[in-house]
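**Q** Can you keep this structure in mind? I'll have questions shortly.
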Amino acid sequence: HTAHARQTQGCATCHQKVAEHVKARKAGETGGPTPTLKKLTARELNAICLTCHEKNNQQNFIGSTHDRRNVACTSCHSVHSYESTKAQLKTAQDPETCYSCHPAVRAKQMRTSHHPLREGKLSCASCHNPHDGSRPKMLKADSVNELCYTCHTEKRGPFLYEHGPVREDCATCHDPHGSNQDRMLVAKPPFLCQRCHYSGHGITGDNNNTLKGVPVAAGNPPGVTVTQTTRSARQMERSCPNCHLALHGSNSASGWAFVR
């Protein structure tokens, strides 16, 4: 019932020494040649599979990260005993196949904010092509941003005022595999923003409020007697996106600060 059977493939298409094996079995020999593929290296196994599958998604497999790390086709696929409904994978869903080598990604998928892989609405293959080594990270697009725009088209622009990190790489602020912060952010605002905007609006690196008329933080400036140290409300109760709403870009004439 497999695709191989529907294409009238025989055992000898993949297995070697089949004729010798059958001849030995008919003669009652138990120590004759066996057509097993288990003793072949990953490169040898892949060469057999690529005789038929060197097209479409598999055409750039040679030289890919998986190929360089000696990952065999049979590491993910099973010809005789597969579990998936398509692609003859060893597991029912392709993320489970990927997790066998990428446990760190599995751990990120268990976090509160994640793409809906656990819910079955997406899969690893939605973003990555495991057979194509022509692009970084085996992505299905030429860059991270181009890949993200396939679903998040409203972030593409062009905008009158563009946010530099947004145009450069979405992964600067977001972790696509999962995060414990909202919107899969790599850090909680405003600390995320302070990675680039270290000082501004009275927010300093010591996380205290040093605005005029408010008791200064300890040691800022030197020699000042501190009577009270207060936490900045911008950090503890609010966040940068409360005012800077259009962080991905703005077309407003007054949107140079991404306030709208």
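Just remember, in the structure tokens the first chain shown is A, the second B, etc., residues are 1-based per chain, and ligands are 1-based in the order shown.
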At a cut-off of 12 Å, using only C-alpha atoms, what residues contact A:Ala187? Leave out same-chain residues fewer than 4 positions from it and give the result as a VMD selection string.
**A** chain A and resid 171 to 175 178 to 183 191 to 195
**Q** Rounded to one decimal place, report the atom CA of A:Ala19-atom CA of A:Leu37 distance in Å.
**A**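 Those two atoms sit 15.2 Å apart.
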**Q** For A:Gln88, which residue among A:Val259, A:Ile62, A:Leu160, A:Ala3 is the nearest when counting only C-alpha atoms?
**A**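 Of A:Val259, A:Ile62, A:Leu160, A:Ala3, the one nearest A:Gln88 is A:Ala3, counting only C-alpha atoms.
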**Q** Check the smallest atom-to-atom distance from each of A:Val22, A:Ser64, A:Ser239, A:Pro176 to A:Lys137 using only C-alpha atoms, then report the winner.
**A**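 Using only C-alpha atoms, the shortest distance to A:Lys137 belongs to A:Ser64.
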**Q** Distance atom CA of A:Asn60-atom CA of A:Ser75, one decimal place?
**A**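 Between atom CA of A:Asn60 and atom CA of A:Ser75 the gap works out to 17.9 Å.
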**Q** Quick one: residues within 12 Å of A:Glu96, only C-alpha atoms, excluding same-chain residues fewer than 5 positions away - as a short mmCIF file (atom, residue, chain, number, x, y, z; two decimals) with C-alpha atoms, in the first residue's frame?
**A**
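Done, and the output landed in result-v8.cif:
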data_model
loop_
_atom_site.label_atom_id
_atom_site.label_comp_id
_atom_site.auth_asym_id
_atom_site.auth_seq_id
_atom_site.Cartn_x
_atom_site.Cartn_y
_atom_site.Cartn_z
CA CYS A 76 13.64 9.96 9.19
CA GLU A 83 3.80 5.76 10.93
CA SER A 84 2.80 8.94 9.07
CA LEU A 89 8.04 9.03 8.28
CA LYS A 90 9.03 6.96 11.30
CA THR A 91 6.68 9.01 13.49
CA CYS A 101 17.75 15.25 16.80
CA HIS A 102 16.61 18.72 17.91
CA PRO A 103 15.56 18.35 21.58
CA VAL A 105 13.56 23.01 19.80
CA ARG A 106 11.14 20.59 21.46
CA GLN A 109 7.80 24.38 21.84
CA LEU A 117 2.90 22.96 16.14
CA ARG A 118 1.60 21.24 19.26
CA GLY A 120 -1.21 20.44 14.65
CA SER A 123 4.72 21.66 11.27
CA CYS A 124 8.48 22.03 11.03
CA ALA A 125 8.13 21.60 7.27
#
**Q** Using only C-alpha atoms, find the one residue out of A:Cys240, A:Ala24, A:Leu139, A:Leu45 that sits nearest to A:Ala257.
**A**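 Among A:Cys240, A:Ala24, A:Leu139, A:Leu45, it is A:Cys240 that comes nearest to A:Ala257.
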**Q** Excluding stretch 144-159 of chain A and residues on its chain fewer than 6 positions from it, collect all residues at most 7 Å away from it, counting only C-alpha atoms, and give them as number ranges by chain.
**A** A: 169-170, 248-251
**Q** With all heavy atoms retained, could you export that selection as a short mmCIF file (atom, residue, chain, number, x, y, z; two decimals), in the first residue's frame?
**A**
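Output file result08.cif is given in full below:
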data_model
loop_
_atom_site.label_atom_id
_atom_site.label_comp_id
_atom_site.auth_asym_id
_atom_site.auth_seq_id
_atom_site.Cartn_x
_atom_site.Cartn_y
_atom_site.Cartn_z
N ASP A 169 16.03 41.64 10.63
CA ASP A 169 15.80 40.24 10.99
C ASP A 169 14.73 40.17 12.05
O ASP A 169 14.87 40.73 13.14
CB ASP A 169 17.10 39.62 11.52
CG ASP A 169 17.01 38.11 11.63
OD1 ASP A 169 15.90 37.57 11.55
OD2 ASP A 169 18.06 37.46 11.80
N CYS A 170 13.64 39.46 11.76
CA CYS A 170 12.55 39.30 12.74
C CYS A 170 13.05 38.60 14.00
O CYS A 170 12.55 38.84 15.10
CB CYS A 170 11.42 38.49 12.14
SG CYS A 170 10.65 39.23 10.66
N HIS A 248 6.65 47.91 14.17
CA HIS A 248 7.08 47.29 12.91
C HIS A 248 7.16 48.29 11.77
O HIS A 248 7.60 47.92 10.68
CB HIS A 248 6.13 46.15 12.54
CG HIS A 248 6.20 45.00 13.48
ND1 HIS A 248 5.30 44.81 14.50
CD2 HIS A 248 7.09 43.96 13.58
CE1 HIS A 248 5.61 43.72 15.18
NE2 HIS A 248 6.69 43.18 14.65
N GLY A 249 6.76 49.53 12.02
CA GLY A 249 6.82 50.56 10.99
C GLY A 249 5.56 51.41 11.01
O GLY A 249 4.49 50.96 11.42
N SER A 250 5.71 52.64 10.57
CA SER A 250 4.58 53.58 10.61
C SER A 250 4.52 54.37 9.31
O SER A 250 5.54 54.71 8.72
CB SER A 250 4.73 54.53 11.79
OG SER A 250 3.73 55.53 11.76
N ASN A 251 3.30 54.64 8.87
CA ASN A 251 3.07 55.49 7.71
C ASN A 251 2.50 56.85 8.10
O ASN A 251 2.14 57.65 7.24
CB ASN A 251 2.11 54.81 6.72
CG ASN A 251 2.78 53.68 5.96
OD1 ASN A 251 3.95 53.81 5.56
ND2 ASN A 251 2.06 52.60 5.75
#
**Q** Looking only at the backbone, which of the residues in stretch 86-214 of chain A does DSSP tag as alpha helix (DSSP H), as a PyMOL selection string?
**A** chain A and resi 94-99+103-109+144-149+164-168
**Q** Write out as a list in words the residues lying within 8 Å of A:His21, counting only C-alpha atoms and excluding same-chain residues fewer than 4 positions away.
**A**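 So the residues in contact are Lys17, Arg25, Gly32, Pro33, Thr34 and Pro35 of chain A.
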**Q** Restricting the output to N, CA and C atoms, write the selected residues as a tab-separated table (two decimals), in the first residue's frame.
**A**
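result-v3.tsv written:
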chain	number	residue	atom	x	y	z
A	17	LYS	N	22.36	-7.47	-4.24
A	17	LYS	CA	22.61	-8.92	-4.11
A	17	LYS	C	21.31	-9.70	-3.86
A	25	ARG	N	19.06	-19.03	-0.68
A	25	ARG	CA	17.94	-19.52	0.12
A	25	ARG	C	17.30	-20.76	-0.51
A	32	GLY	N	24.43	-17.37	3.22
A	32	GLY	CA	24.62	-16.71	1.94
A	32	GLY	C	24.56	-15.20	2.05
A	33	PRO	N	24.75	-14.51	0.94
A	33	PRO	CA	24.72	-13.03	0.94
A	33	PRO	C	23.33	-12.51	1.31
A	34	THR	N	23.30	-11.46	2.08
A	34	THR	CA	22.03	-10.86	2.49
A	34	THR	C	21.91	-9.46	1.88
A	35	PRO	N	20.71	-9.08	1.47
A	35	PRO	CA	20.53	-7.77	0.82
A	35	PRO	C	20.24	-6.64	1.81
**Q** Excluding A:Arg68 and any residue of its chain fewer than 3 positions from it, enumerate the residues within 12 Å of it, using only C-alpha atoms, and give them as a short mmCIF file (atom, residue, chain, number, x, y, z; two decimals) with N, CA and C atoms, in the first residue's frame.
**A**
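Written out: out.cif:
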data_model
loop_
_atom_site.label_atom_id
_atom_site.label_comp_id
_atom_site.auth_asym_id
_atom_site.auth_seq_id
_atom_site.Cartn_x
_atom_site.Cartn_y
_atom_site.Cartn_z
N ALA A 42 25.70 6.33 5.57
CA ALA A 42 24.64 7.28 5.25
C ALA A 42 24.75 7.76 3.80
N ARG A 43 25.97 8.01 3.35
CA ARG A 43 26.16 8.46 1.97
C ARG A 43 25.71 7.39 0.97
N ASN A 46 21.85 7.21 1.04
CA ASN A 46 21.25 8.37 0.38
C ASN A 46 21.41 8.29 -1.14
N PHE A 61 19.77 18.30 -1.71
CA PHE A 61 20.10 17.61 -0.46
C PHE A 61 21.61 17.42 -0.31
N ILE A 62 22.29 17.08 -1.38
CA ILE A 62 23.75 16.88 -1.31
C ILE A 62 24.42 18.21 -0.96
N GLY A 63 25.19 18.21 0.09
CA GLY A 63 25.83 19.43 0.57
C GLY A 63 25.05 20.16 1.63
N SER A 64 23.84 19.69 1.94
CA SER A 64 23.03 20.33 2.98
C SER A 64 23.58 20.00 4.36
N THR A 65 23.04 20.65 5.39
CA THR A 65 23.47 20.39 6.75
C THR A 65 23.25 18.93 7.14
N VAL A 71 23.38 12.38 8.05
CA VAL A 71 22.00 11.97 8.31
C VAL A 71 21.50 11.20 7.09
N ALA A 72 21.07 9.98 7.30
CA ALA A 72 20.58 9.14 6.20
C ALA A 72 19.09 9.36 5.99
N HIS A 131 15.29 18.80 3.02
CA HIS A 131 16.06 18.24 1.91
C HIS A 131 16.84 19.30 1.14
N GLY A 133 19.50 22.29 0.97
CA GLY A 133 20.60 22.95 1.66
C GLY A 133 21.06 24.21 0.99
#
**Q** Could you tell me how far atom CA of A:Leu245 sits from atom CA of A:Phe258, in Å to one decimal place?
**A**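 Spanning atom CA of A:Phe258 to atom CA of A:Leu245 is a straight-line distance of 6.2 Å.
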**Q** Determine which residues of stretch 95-198 of chain A DSSP labels as strand (DSSP E or B) from the backbone of this structure, then write them out as a PyMOL selection string.
**A** chain A and resi 113+128+139+161+174+179+185
